[in-house]
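Here's the structure we're looking at; comments come further down.
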Amino acid sequence: MIISYTHDDGTVERMSTDDLSAIEAADIEQAMGDTPWRAIEDRLRAQDPTAMRAVLWAFRRRSEPDLMFADFDVPGWRRRLKARIERAEIDDVLTNVMAEALANSEDSAIDALLPHLRKLAEDRSDVDAALEALGKGHLAHRHQDSAA
């Protein structure tokens with residue numbers, strides 16, 4: 001996941017949860033009341049402010065080791081923080097849905113998921129690329145044709 005933080009001057013700082021160390025991830029779990037990482041990822045996808053703040057806090061602690069989570073705030077979090085999925089996560093989701101769709105011989109499950117994936121994707125072209133990689137590029141083209 002990519003957590004983006006928009007500064008007062010409009011510059012955007014992006015942090016990937018893939019860049020967290022295992023200790024940093026454990027610190028986030030602990031700061032969030034021993035929440036398992038899988039649940040934190042779910043909360044990030046749901047744009048949960050505490051989860052996004054926790055990831056930002058973990059990155060800030062690299063330069064401010066004494067920064068306490070309870071004291072770390074993000075004023076205006078709604079306009080400053082966003083969580084987006086990366087290409088690898090798009091690939092994982094589509095692979096899982098693809099396996100289910102193949103079992104049922106249908107594309108409707110994938111097609112229904114596309115608007116959500118496009119909304120969450122850091123780079124929306126990653127969704128089309130992932131579809132192409134799965135041999136389902138026709139779904140991307142169908143979506144583009146209907147959007148025109």
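Chain labels follow the order of the structure tokens: the first chain is A, the next B, and so on; residue numbering restarts at 1 in every chain, and ligands are counted from 1 in their shown order.
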Selection near stretch 123-128 of chain A, 8 Å with only C-alpha atoms, sequence-local residues under 6 positions removed, as a CSV table (one decimal) with all heavy atoms, in the first residue's frame:
chain,number,residue,atom,x,y,z
A,86,GLU,N,-0.9,-0.9,-4.7
A,86,GLU,CA,0.1,-0.9,-5.7
A,86,GLU,C,-0.1,-2.1,-6.6
A,86,GLU,O,-1.0,-2.9,-6.4
A,86,GLU,CB,1.5,-1.1,-5.0
A,86,GLU,CG,1.9,0.1,-4.1
A,86,GLU,CD,3.2,-0.1,-3.4
A,86,GLU,OE1,4.2,0.2,-4.1
A,86,GLU,OE2,3.2,-0.6,-2.3
A,87,ARG,N,0.7,-2.1,-7.7
A,87,ARG,CA,0.5,-3.1,-8.7
A,87,ARG,C,0.5,-4.5,-8.2
A,87,ARG,O,-0.3,-5.3,-8.6
A,87,ARG,CB,1.6,-2.9,-9.8
A,87,ARG,CG,1.7,-4.0,-10.8
A,87,ARG,CD,0.4,-4.0,-11.7
A,87,ARG,NE,0.4,-5.2,-12.5
A,87,ARG,CZ,0.9,-5.4,-13.7
A,87,ARG,NH1,1.5,-4.3,-14.3
A,87,ARG,NH2,0.8,-6.5,-14.4
A,90,ILE,N,-2.8,-5.3,-6.8
A,90,ILE,CA,-3.8,-5.4,-7.8
A,90,ILE,C,-3.6,-6.8,-8.4
A,90,ILE,O,-4.6,-7.5,-8.7
A,90,ILE,CB,-3.6,-4.3,-8.9
A,90,ILE,CG1,-3.9,-3.0,-8.3
A,90,ILE,CG2,-4.5,-4.6,-10.1
A,90,ILE,CD1,-3.5,-1.8,-9.1
A,114,LEU,N,-13.5,-4.2,-11.0
A,114,LEU,CA,-12.7,-3.2,-11.7
A,114,LEU,C,-12.9,-1.7,-11.2
A,114,LEU,O,-11.9,-1.0,-10.9
A,114,LEU,CB,-12.8,-3.3,-13.2
A,114,LEU,CG,-12.2,-4.5,-13.8
A,114,LEU,CD1,-12.5,-4.5,-15.3
A,114,LEU,CD2,-10.8,-4.7,-13.5
A,117,LEU,N,-11.0,-1.4,-7.9
A,117,LEU,CA,-9.6,-1.4,-8.0
A,117,LEU,C,-9.0,-0.1,-8.7
A,117,LEU,O,-8.0,0.4,-8.2
A,117,LEU,CB,-9.1,-2.6,-8.9
A,117,LEU,CG,-9.2,-4.0,-8.2
A,117,LEU,CD1,-8.9,-5.1,-9.3
A,117,LEU,CD2,-8.3,-4.1,-7.0
A,137,GLY,N,-7.3,-8.8,-20.9
A,137,GLY,CA,-7.2,-7.4,-21.4
A,137,GLY,C,-8.5,-7.0,-22.0
A,137,GLY,O,-8.8,-5.8,-22.0
A,140,ALA,N,-10.5,-4.8,-19.7
A,140,ALA,CA,-10.0,-3.4,-19.7
A,140,ALA,C,-10.5,-2.6,-20.9
A,140,ALA,O,-11.0,-1.5,-20.7
A,140,ALA,CB,-8.5,-3.3,-19.6
Non-local contacts of A:Arg14 (8 Å; only C-alpha atoms; under 3 positions in same chain excluded) as a VMD selection string: chain A and resid 2 to 5
Residue nearest A:Arg79 - candidates A:Ala58, A:Gln47, A:Ser16, A:Leu120, atoms counted: only C-alpha atoms: A:Gln47
Among the residues A:Arg80, A:His138, A:His116, A:Arg43, the one that comes closest to A:Gly10 [using only C-alpha atoms]: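 Nearest candidate to A:Gly10 out of A:Arg80, A:His138, A:His116, A:Arg43: A:Arg80.
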Pick from A:Arg38, A:Pro49, A:Lys119, A:Gly33 nearest to A:Gly76, counting only C-alpha atoms: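 Once distances to A:Gly76 are computed over only C-alpha atoms, the minimum belongs to A:Pro49.
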Compile the contact shell of A:Phe72 as a PDB file with all heavy atoms, in the first residue's frame: residues with an atom at most 10 Å away, counting only C-alpha atoms, same-chain residues fewer than 2 positions apart removed.
ATOM      1  N   ARG A  53      -2.357   7.075   9.809  1.00  0.00           N
ATOM      2  CA  ARG A  53      -1.517   7.835  10.740  1.00  0.00           C
ATOM      3  C   ARG A  53      -0.412   6.950  11.313  1.00  0.00           C
ATOM      4  O   ARG A  53       0.738   7.375  11.465  1.00  0.00           O
ATOM      5  CB  ARG A  53      -2.385   8.406  11.866  1.00  0.00           C
ATOM      6  CG  ARG A  53      -1.638   9.197  12.923  1.00  0.00           C
ATOM      7  CD  ARG A  53      -2.595   9.837  13.914  1.00  0.00           C
ATOM      8  NE  ARG A  53      -3.326   8.893  14.722  1.00  0.00           N
ATOM      9  CZ  ARG A  53      -3.020   8.567  15.981  1.00  0.00           C
ATOM     10  NH1 ARG A  53      -1.974   9.115  16.566  1.00  0.00           N
ATOM     11  NH2 ARG A  53      -3.759   7.705  16.643  1.00  0.00           N
ATOM     12  N   ALA A  54      -0.735   5.690  11.603  1.00  0.00           N
ATOM     13  CA  ALA A  54       0.254   4.765  12.177  1.00  0.00           C
ATOM     14  C   ALA A  54       1.392   4.497  11.200  1.00  0.00           C
ATOM     15  O   ALA A  54       2.560   4.443  11.599  1.00  0.00           O
ATOM     16  CB  ALA A  54      -0.429   3.460  12.589  1.00  0.00           C
ATOM     17  N   LEU A  56       2.368   6.527   8.733  1.00  0.00           N
ATOM     18  CA  LEU A  56       3.125   7.785   8.662  1.00  0.00           C
ATOM     19  C   LEU A  56       4.008   7.935   9.905  1.00  0.00           C
ATOM     20  O   LEU A  56       5.177   8.305   9.805  1.00  0.00           O
ATOM     21  CB  LEU A  56       2.162   8.971   8.518  1.00  0.00           C
ATOM     22  CG  LEU A  56       2.781  10.355   8.419  1.00  0.00           C
ATOM     23  CD1 LEU A  56       3.705  10.476   7.212  1.00  0.00           C
ATOM     24  CD2 LEU A  56       1.671  11.411   8.345  1.00  0.00           C
ATOM     25  N   TRP A  57       3.468   7.620  11.065  1.00  0.00           N
ATOM     26  CA  TRP A  57       4.215   7.684  12.326  1.00  0.00           C
ATOM     27  C   TRP A  57       5.456   6.787  12.281  1.00  0.00           C
ATOM     28  O   TRP A  57       6.545   7.199  12.685  1.00  0.00           O
ATOM     29  CB  TRP A  57       3.289   7.285  13.468  1.00  0.00           C
ATOM     30  CG  TRP A  57       3.957   6.977  14.769  1.00  0.00           C
ATOM     31  CD1 TRP A  57       4.479   7.862  15.671  1.00  0.00           C
ATOM     32  CD2 TRP A  57       4.170   5.669  15.324  1.00  0.00           C
ATOM     33  NE1 TRP A  57       4.993   7.177  16.748  1.00  0.00           N
ATOM     34  CE2 TRP A  57       4.819   5.843  16.564  1.00  0.00           C
ATOM     35  CE3 TRP A  57       3.869   4.386  14.893  1.00  0.00           C
ATOM     36  CZ2 TRP A  57       5.166   4.770  17.371  1.00  0.00           C
ATOM     37  CZ3 TRP A  57       4.214   3.313  15.697  1.00  0.00           C
ATOM     38  CH2 TRP A  57       4.860   3.504  16.925  1.00  0.00           C
ATOM     39  N   ARG A  60       8.031   8.475  10.255  1.00  0.00           N
ATOM     40  CA  ARG A  60       8.564   9.653  10.948  1.00  0.00           C
ATOM     41  C   ARG A  60       9.534   9.254  12.056  1.00  0.00           C
ATOM     42  O   ARG A  60      10.484   9.967  12.351  1.00  0.00           O
ATOM     43  CB  ARG A  60       7.424  10.491  11.558  1.00  0.00           C
ATOM     44  CG  ARG A  60       6.543  11.173  10.565  1.00  0.00           C
ATOM     45  CD  ARG A  60       7.261  12.356   9.931  1.00  0.00           C
ATOM     46  NE  ARG A  60       6.374  13.136   9.122  1.00  0.00           N
ATOM     47  CZ  ARG A  60       6.127  12.919   7.834  1.00  0.00           C
ATOM     48  NH1 ARG A  60       6.736  11.930   7.221  1.00  0.00           N
ATOM     49  NH2 ARG A  60       5.297  13.667   7.163  1.00  0.00           N
ATOM     50  N   LEU A  67       9.436   9.788  19.037  1.00  0.00           N
ATOM     51  CA  LEU A  67       8.071  10.205  18.725  1.00  0.00           C
ATOM     52  C   LEU A  67       7.085   9.127  19.178  1.00  0.00           C
ATOM     53  O   LEU A  67       7.182   7.967  18.788  1.00  0.00           O
ATOM     54  CB  LEU A  67       7.936  10.441  17.212  1.00  0.00           C
ATOM     55  CG  LEU A  67       6.602  10.971  16.713  1.00  0.00           C
ATOM     56  CD1 LEU A  67       6.299  12.345  17.310  1.00  0.00           C
ATOM     57  CD2 LEU A  67       6.632  11.061  15.188  1.00  0.00           C
ATOM     58  N   MET A  68       6.165   9.526  20.036  1.00  0.00           N
ATOM     59  CA  MET A  68       5.167   8.602  20.582  1.00  0.00           C
ATOM     60  C   MET A  68       3.907   8.643  19.708  1.00  0.00           C
ATOM     61  O   MET A  68       3.469   9.707  19.286  1.00  0.00           O
ATOM     62  CB  MET A  68       4.805   8.977  22.020  1.00  0.00           C
ATOM     63  CG  MET A  68       5.990   8.987  22.982  1.00  0.00           C
ATOM     64  SD  MET A  68       6.779   7.385  23.146  1.00  0.00           S
ATOM     65  CE  MET A  68       5.479   6.472  23.907  1.00  0.00           C
ATOM     66  N   PHE A  69       3.329   7.480  19.463  1.00  0.00           N
ATOM     67  CA  PHE A  69       2.134   7.394  18.626  1.00  0.00           C
ATOM     68  C   PHE A  69       0.993   8.219  19.210  1.00  0.00           C
ATOM     69  O   PHE A  69       0.290   8.923  18.471  1.00  0.00           O
ATOM     70  CB  PHE A  69       1.709   5.930  18.459  1.00  0.00           C
ATOM     71  CG  PHE A  69       0.526   5.759  17.553  1.00  0.00           C
ATOM     72  CD1 PHE A  69       0.607   6.089  16.205  1.00  0.00           C
ATOM     73  CD2 PHE A  69      -0.670   5.258  18.038  1.00  0.00           C
ATOM     74  CE1 PHE A  69      -0.480   5.924  15.357  1.00  0.00           C
ATOM     75  CE2 PHE A  69      -1.760   5.085  17.203  1.00  0.00           C
ATOM     76  CZ  PHE A  69      -1.668   5.423  15.865  1.00  0.00           C
ATOM     77  N   ALA A  70       0.808   8.147  20.500  1.00  0.00           N
ATOM     78  CA  ALA A  70      -0.294   8.884  21.151  1.00  0.00           C
ATOM     79  C   ALA A  70      -0.158  10.391  20.951  1.00  0.00           C
ATOM     80  O   ALA A  70      -1.160  11.116  20.972  1.00  0.00           O
ATOM     81  CB  ALA A  70      -0.341   8.551  22.634  1.00  0.00           C
ATOM     82  N   VAL A  74      -2.269  14.216  12.850  1.00  0.00           N
ATOM     83  CA  VAL A  74      -2.249  14.717  11.476  1.00  0.00           C
ATOM     84  C   VAL A  74      -3.471  15.615  11.303  1.00  0.00           C
ATOM     85  O   VAL A  74      -4.546  15.155  10.919  1.00  0.00           O
ATOM     86  CB  VAL A  74      -2.276  13.562  10.447  1.00  0.00           C
ATOM     87  CG1 VAL A  74      -2.212  14.116   9.022  1.00  0.00           C
ATOM     88  CG2 VAL A  74      -1.151  12.583  10.695  1.00  0.00           C
ATOM     89  N   PRO A  75      -3.314  16.915  11.618  1.00  0.00           N
ATOM     90  CA  PRO A  75      -4.441  17.831  11.413  1.00  0.00           C
ATOM     91  C   PRO A  75      -4.853  17.845   9.939  1.00  0.00           C
ATOM     92  O   PRO A  75      -4.014  17.782   9.047  1.00  0.00           O
ATOM     93  CB  PRO A  75      -3.878  19.190  11.837  1.00  0.00           C
ATOM     94  CG  PRO A  75      -2.702  18.872  12.710  1.00  0.00           C
ATOM     95  CD  PRO A  75      -2.148  17.582  12.171  1.00  0.00           C
TER      96      PRO A  75
END
Among listed residues A:Ala22, A:Arg62, A:Glu41, A:Arg84, nearest A:Arg118 (using only C-alpha atoms):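 Among the listed residues, the smallest separation from A:Arg118 belongs to A:Arg84.
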Non-local contacts of A:Ala39 (12 Å; only C-alpha atoms; under 5 positions in same chain excluded) as a PyMOL selection string: chain A and resi 28-29+32-34+44-46+48+51
Keeping only N, CA and C atoms, write those residues as an mmCIF file, in the first residue's frame.
data_model
loop_
_atom_site.group_PDB
_atom_site.id
_atom_site.type_symbol
_atom_site.label_atom_id
_atom_site.label_comp_id
_atom_site.auth_asym_id
_atom_site.auth_seq_id
_atom_site.Cartn_x
_atom_site.Cartn_y
_atom_site.Cartn_z
ATOM 1 N N ILE A 28 3.654 -0.784 14.595
ATOM 2 C CA ILE A 28 2.344 -0.294 14.158
ATOM 3 C C ILE A 28 1.242 -1.174 14.741
ATOM 4 N N GLU A 29 1.421 -2.497 14.680
ATOM 5 C CA GLU A 29 0.436 -3.416 15.256
ATOM 6 C C GLU A 29 0.219 -3.118 16.737
ATOM 7 N N MET A 32 -1.551 0.151 17.490
ATOM 8 C CA MET A 32 -2.977 0.067 17.191
ATOM 9 C C MET A 32 -3.676 -0.988 18.043
ATOM 10 N N GLY A 33 -3.147 -1.228 19.223
ATOM 11 C CA GLY A 33 -3.803 -2.118 20.177
ATOM 12 C C GLY A 33 -3.677 -3.589 19.823
ATOM 13 N N ASP A 34 -2.480 -3.990 19.367
ATOM 14 C CA ASP A 34 -2.206 -5.373 18.977
ATOM 15 C C ASP A 34 -3.109 -5.857 17.840
ATOM 16 N N LEU A 44 -6.424 0.119 6.074
ATOM 17 C CA LEU A 44 -5.808 1.057 5.129
ATOM 18 C C LEU A 44 -6.640 1.145 3.851
ATOM 19 N N ARG A 45 -7.087 -0.003 3.338
ATOM 20 C CA ARG A 45 -7.919 0.002 2.134
ATOM 21 C C ARG A 45 -9.219 0.757 2.364
ATOM 22 N N ALA A 46 -9.687 0.777 3.603
ATOM 23 C CA ALA A 46 -10.919 1.489 3.950
ATOM 24 C C ALA A 46 -10.655 2.959 4.299
ATOM 25 N N ASP A 48 -8.901 4.211 6.740
ATOM 26 C CA ASP A 48 -8.996 4.439 8.186
ATOM 27 C C ASP A 48 -7.913 5.417 8.627
ATOM 28 N N ALA A 51 -5.050 3.953 10.966
ATOM 29 C CA ALA A 51 -4.099 3.082 10.266
ATOM 30 C C ALA A 51 -3.149 3.917 9.400
#
Every residue of stretch 15-79 of chain A that DSSP places in helix (DSSP H, G or I), as a ChimeraX atom specification: /A:17-19,22-31,37-45,49-60,69-71,77-79
Top pick for closest residue to A:Asp111, considering A:Ala88, A:Asp73, A:Asp9, A:Lys136 and counting only C-alpha atoms: A:Lys136
Distance in Å - atom CA of A:Ser21 versus atom CA of A:Thr6: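 Distance between the two atoms: 23.3 Å.
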Pairwise distance for atom CA of A:Ala83 and atom CA of A:Met1, rounded to one decimal in Å: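 Computing the Euclidean distance for atom CA of A:Ala83 and atom CA of A:Met1 yields 6.5 Å.
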Expected answer as a list in words: strand (DSSP E) residues in chain A: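 Strand (DSSP E) members of chain A, listed: Ile2, Ile3, Ser4, Tyr5, Thr6, Val12, Glu13, Arg14, Met15, Ser16, Leu81, Lys82, Ala83 and Arg84 of chain A.
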Those same residues, written as a PDB file, in the first residue's frame with C-alpha atoms?
ATOM      1  CA  ILE A   2       1.061   3.541  -0.670  1.00  0.00           C
ATOM      2  CA  ILE A   3       0.254   6.106   1.988  1.00  0.00           C
ATOM      3  CA  SER A   4       0.459   9.626   0.661  1.00  0.00           C
ATOM      4  CA  TYR A   5       0.750  12.702   2.842  1.00  0.00           C
ATOM      5  CA  THR A   6       0.115  16.126   1.312  1.00  0.00           C
ATOM      6  CA  VAL A  12       3.075  14.878  -1.724  1.00  0.00           C
ATOM      7  CA  GLU A  13       5.180  12.443   0.270  1.00  0.00           C
ATOM      8  CA  ARG A  14       4.568   8.772  -0.584  1.00  0.00           C
ATOM      9  CA  MET A  15       5.423   5.862   1.690  1.00  0.00           C
ATOM     10  CA  SER A  16       5.032   2.215   0.763  1.00  0.00           C
ATOM     11  CA  LEU A  81      -3.781  11.322   3.897  1.00  0.00           C
ATOM     12  CA  LYS A  82      -4.705   8.718   1.302  1.00  0.00           C
ATOM     13  CA  ALA A  83      -4.025   5.009   1.048  1.00  0.00           C
ATOM     14  CA  ARG A  84      -3.723   3.423  -2.384  1.00  0.00           C
TER      15      ARG A  84
END
Atomic distance atom CA of A:Gly135 - atom CA of A:Met98, expressed in Å with one decimal: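 For atom CA of A:Gly135 relative to atom CA of A:Met98, the distance reads 9.9 Å.
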